[in-house]
$ cat protein-v6.pdb   # PDB, C-alpha atoms
ATOM      1  CA  MET A   1      76.203 -69.976-132.410
ATOM      2  CA  GLY A   2      76.455 -68.309-129.014
ATOM      3  CA  ALA A   3      75.113 -65.125-127.527
ATOM      4  CA  GLN A   4      76.206 -62.216-125.394
ATOM      5  CA  GLY A   5      74.522 -59.606-123.255
ATOM      6  CA  THR A   6      74.424 -57.691-120.009
ATOM      7  CA  THR A   7      72.343 -57.884-116.860
ATOM      8  CA  THR A   8      72.544 -56.604-113.308
ATOM      9  CA  VAL A   9      73.194 -58.379-110.040
ATOM     10  CA  ASP A  10      71.544 -56.959-106.937
ATOM     11  CA  PHE A  11      73.195 -57.188-103.527
ATOM     12  CA  GLY A  12      70.173 -55.481-101.944
ATOM     13  CA  ALA A  13      69.704 -52.254-100.034
ATOM     14  CA  PHE A  14      72.499 -50.961 -97.792
ATOM     15  CA  PRO A  15      74.228 -52.625 -95.979
ATOM     16  CA  GLY A  16      73.752 -55.331 -98.610
ATOM     17  CA  ALA A  17      75.040 -58.892 -98.745
ATOM     18  CA  SER A  18      78.250 -60.797 -99.386
ATOM     19  CA  ASP A  19      76.872 -62.714-102.370
ATOM     20  CA  THR A  20      74.004 -62.822-104.859
ATOM     21  CA  SER A  21      72.942 -64.484-108.093
ATOM     22  CA  VAL A  22      70.721 -63.894-111.115
ATOM     23  CA  ALA A  23      69.258 -66.281-113.690
ATOM     24  CA  VAL A  24      69.773 -65.467-117.373
ATOM     25  CA  THR A  25      66.988 -67.078-119.410
ATOM     26  CA  GLY A  26      65.807 -67.022-123.009
ATOM     27  CA  GLN A  27      68.966 -68.724-124.291
ATOM     28  CA  THR A  28      67.285 -71.339-126.484
ATOM     29  CA  GLY A  29      70.520 -72.311-128.254
ATOM     30  CA  ILE A  30      72.614 -72.962-125.162
ATOM     31  CA  LEU A  31      73.792 -76.541-124.659
ATOM     32  CA  ALA A  32      74.718 -78.367-121.472
ATOM     33  CA  GLY A  33      78.357 -78.344-122.671
ATOM     34  CA  SER A  34      78.452 -74.652-123.650
ATOM     35  CA  LEU A  35      81.117 -72.455-122.102
ATOM     36  CA  VAL A  36      79.737 -69.429-120.275
ATOM     37  CA  GLU A  37      81.746 -66.449-119.050
ATOM     38  CA  ALA A  38      80.565 -63.500-116.941
ATOM     39  CA  PHE A  39      82.413 -60.436-115.678
ATOM     40  CA  LEU A  40      81.783 -57.111-113.960
ATOM     41  CA  PHE A  41      81.190 -54.552-116.713
ATOM     42  CA  PRO A  42      81.960 -50.843-116.144
ATOM     43  CA  VAL A  43      78.524 -49.406-116.935
ATOM     44  CA  ALA A  44      76.868 -47.231-114.302
ATOM     45  CA  THR A  45      73.751 -48.385-112.471
ATOM     46  CA  ALA A  46      71.350 -46.426-110.277
ATOM     47  CA  ASP A  47      73.610 -47.299-107.309
ATOM     48  CA  HIS A  48      77.187 -47.268-108.629
ATOM     49  CA  THR A  49      79.304 -45.392-111.171
ATOM     50  CA  ALA A  50      81.254 -47.041-113.971
ATOM     51  CA  ASP A  51      84.460 -46.220-112.064
ATOM     52  CA  GLU A  52      83.220 -48.107-109.001
ATOM     53  CA  HIS A  53      82.775 -51.151-111.236
ATOM     54  CA  LEU A  54      86.487 -50.949-112.098
ATOM     55  CA  VAL A  55      87.763 -50.991-108.505
ATOM     56  CA  GLU A  56      85.259 -52.998-106.468
ATOM     57  CA  THR A  57      86.255 -56.435-105.171
ATOM     58  CA  ILE A  58      83.430 -58.417-106.762
ATOM     59  CA  THR A  59      84.102 -61.801-108.351
ATOM     60  CA  VAL A  60      81.592 -62.930-110.982
ATOM     61  CA  ARG A  61      81.152 -66.502-112.246
ATOM     62  CA  ALA A  62      78.621 -68.256-114.454
ATOM     63  CA  GLY A  63      77.368 -71.797-114.131
ATOM     64  CA  ASN A  64      74.354 -74.041-113.648
ATOM     65  CA  ILE A  65      73.630 -74.254-117.373
ATOM     66  CA  VAL A  66      70.169 -75.486-118.312
ATOM     67  CA  ALA A  67      70.181 -76.580-121.959
ATOM     68  CA  GLY A  68      67.762 -74.607-124.103
ATOM     69  CA  THR A  69      67.010 -72.195-121.263
ATOM     70  CA  GLY A  70      69.975 -70.309-119.783
ATOM     71  CA  PHE A  71      72.395 -70.195-116.868
ATOM     72  CA  THR A  72      73.029 -68.567-113.502
ATOM     73  CA  ILE A  73      75.445 -65.736-112.751
ATOM     74  CA  TYR A  74      76.942 -65.767-109.261
ATOM     75  CA  ALA A  75      78.587 -62.683-107.734
ATOM     76  CA  PHE A  76      80.371 -62.352-104.420
ATOM     77  CA  ASN A  77      82.623 -59.930-102.617
ATOM     78  CA  ASN A  78      86.120 -61.376-102.317
ATOM     79  CA  SER A  79      87.489 -58.618-100.084
ATOM     80  CA  GLU A  80      88.899 -59.813 -96.789
ATOM     81  CA  ILE A  81      88.530 -56.432 -95.145
ATOM     82  CA  ASN A  82      85.870 -56.158 -92.457
ATOM     83  CA  GLU A  83      84.325 -52.906 -91.358
ATOM     84  CA  PRO A  84      86.393 -51.498 -88.484
ATOM     85  CA  VAL A  85      85.132 -51.813 -84.931
ATOM     86  CA  ILE A  86      84.617 -48.291 -83.602
ATOM     87  CA  PRO A  87      85.121 -47.852 -79.827
ATOM     88  CA  VAL A  88      82.472 -45.654 -78.212
ATOM     89  CA  PRO A  89      83.084 -44.153 -74.748
ATOM     90  CA  GLN A  90      80.370 -45.093 -72.290
ATOM     91  CA  ALA A  91      80.221 -43.847 -68.693
ATOM     92  CA  LEU A  92      80.344 -46.477 -65.910
ATOM     93  CA  GLY A  93      77.698 -44.743 -63.832
ATOM     94  CA  ASN A  94      77.389 -41.404 -62.077
ATOM     95  CA  SER A  95      80.002 -41.643 -59.332
ATOM     96  CA  GLN A  96      82.002 -44.516 -60.791
ATOM     97  CA  GLY A  97      82.246 -42.835 -64.182
ATOM     98  CA  ALA A  98      83.796 -39.739 -62.636
ATOM     99  CA  LYS A  99      86.260 -41.795 -60.593
ATOM    100  CA  GLN A 100      87.189 -44.474 -63.084
ATOM    101  CA  GLY A 101      86.862 -42.625 -66.371
ATOM    102  CA  THR A 102      85.028 -44.331 -69.186
ATOM    103  CA  GLN A 103      84.620 -47.799 -70.516
ATOM    104  CA  HIS A 104      84.906 -48.409 -74.251
ATOM    105  CA  MET A 105      82.157 -50.376 -75.927
ATOM    106  CA  ALA A 106      82.394 -51.673 -79.496
ATOM    107  CA  ARG A 107      79.917 -50.218 -81.978
ATOM    108  CA  GLY A 108      79.392 -51.187 -85.574
ATOM    109  CA  GLY A 109      82.061 -52.786 -87.632
ATOM    110  CA  GLY A 110      83.184 -56.327 -87.893
ATOM    111  CA  THR A 111      80.160 -57.086 -90.028
ATOM    112  CA  GLY A 112      82.054 -58.684 -92.866
ATOM    113  CA  THR A 113      82.395 -58.124 -96.545
ATOM    114  CA  ARG A 114      79.025 -56.864 -97.677
ATOM    115  CA  ILE A 115      78.293 -54.879-100.829
ATOM    116  CA  TYR A 116      75.023 -53.167-101.660
ATOM    117  CA  GLY A 117      73.024 -52.239-104.720
ATOM    118  CA  LEU A 118      72.988 -52.993-108.422
ATOM    119  CA  TRP A 119      76.082 -53.849-110.480
ATOM    120  CA  THR A 120      76.331 -54.400-114.233
ATOM    121  CA  VAL A 121      77.527 -57.799-115.436
ATOM    122  CA  ALA A 122      78.347 -58.787-119.032
ATOM    123  CA  TRP A 123      78.122 -62.381-120.195
ATOM    124  CA  VAL A 124      78.920 -64.479-123.256
ATOM    125  CA  TRP A 125      78.531 -68.131-124.172
ATOM    126  CA  ASN A 126      79.490 -70.326-127.110
TER     127      ASN A 126
END
$ encode --input "protein-v6.pdb" --output "structure tokens"
Amino acid sequence: MGAQGTTTVDFGAFPGASDTSVAVTGQTGILAGSLVEAFLFPVATADHTADEHLVETITVRAGNIVAGTGFTIYAFNNSEINEPVIPVPQALGNSQGAKQGTQHMARGGGTGTRIYGLWTVAWVWN
């Protein structure tokens, strides 16, 4: 006989991380050959609404089964969108800035596909 339940994965405080994992223990009946499934479950956490769970680009997988103990849930952001690079005007110096205008420096952005906070994950095994 299998089991089912929910847990949370934590990507950390803003700006977060691109991946995380959590160990599910206390599964005394799980076997090395058991099939385990995990998925993002639309239940609000302290950081995200149930609706955010429905639209976020998080992939959840389960693996690393330890017979008589449990398994690991892995979560990662599969979005390929990076934060945009925001140009910031910066003067080239007192006299040069007035003559030549401004130079654009990149600020922020380009930091990859990070997600922050707690997300609810449901799991089941047989």
$ residues_around --input "protein-v6.pdb" --residues "stretch 41-45 of chain A" --least-positions-apart "3" --cutoff "12 Å" --atoms "all atoms listed in the file" --output "list in words"
Gly5, Thr6, Thr7, Thr8, Val9, Asp10, Ala38, His48, Thr49, Ala50, Asp51, Glu52, His53, Leu54, Val55, Glu56, Ile58, Thr59, Val60, Tyr116, Gly117, Leu118, Trp119, Thr120, Val121, Ala122 and Trp123 of chain A
$ resolve_selection --input "protein-v6.pdb" --expression "the PyMOL selection byres ((chain A and resi 74) around 8)" --output "count of residues only"
12
$ residues_near_point --input "protein-v6.pdb" --point "(73.9, -75.7, -123.1)" --cutoff "7 Å" --atoms "all atoms listed in the file" --output "number ranges by chain"
A: 30-34, 65-68
$ residues_near_point --input "protein-v6.pdb" --point "(75.5, -51.6, -100.9)" --cutoff "7 Å" --atoms "all atoms listed in the file" --output "list in words"
Phe11, Gly12, Ala13, Phe14, Pro15, Gly16, Ile115, Tyr116 and Gly117 of chain A
$ write_last_selection --input "protein-v6.pdb" --atoms "C-alpha atoms" --output "PDB file, in the coordinates of the input"
ATOM      1  CA  PHE A  11      73.195 -57.188-103.527  1.00  0.00           C
ATOM      2  CA  GLY A  12      70.173 -55.481-101.944  1.00  0.00           C
ATOM      3  CA  ALA A  13      69.704 -52.254-100.034  1.00  0.00           C
ATOM      4  CA  PHE A  14      72.499 -50.961 -97.792  1.00  0.00           C
ATOM      5  CA  PRO A  15      74.228 -52.625 -95.979  1.00  0.00           C
ATOM      6  CA  GLY A  16      73.752 -55.331 -98.610  1.00  0.00           C
ATOM      7  CA  ILE A 115      78.293 -54.879-100.829  1.00  0.00           C
ATOM      8  CA  TYR A 116      75.023 -53.167-101.660  1.00  0.00           C
ATOM      9  CA  GLY A 117      73.024 -52.239-104.720  1.00  0.00           C
TER      10      GLY A 117
END
$ axis_aligned_box --input "protein-v6.pdb" --around "stretch 13-25 of chain A" --padding-each-side "4 Å" --output "JSON"
{"center_x": 72.6, "center_y": -59.0, "center_z": -107.7, "size_x": 19.3, "size_y": 24.1, "size_z": 31.4}
$ residues_around --input "protein-v6.pdb" --residues "A:Gly2" --least-positions-apart "3" --cutoff "9 Å" --atoms "all atoms listed in the file" --output "list in words"
Gln27, Gly29, Ile30, Ser34, Val124, Trp125 and Asn126 of chain A
$ closest_residue --input "protein-v6.pdb" --among "A:Ala46, A:Val24, A:Thr57, A:Gln4" --to "A:Asn77" --atoms "all atoms listed in the file"
A:Thr57
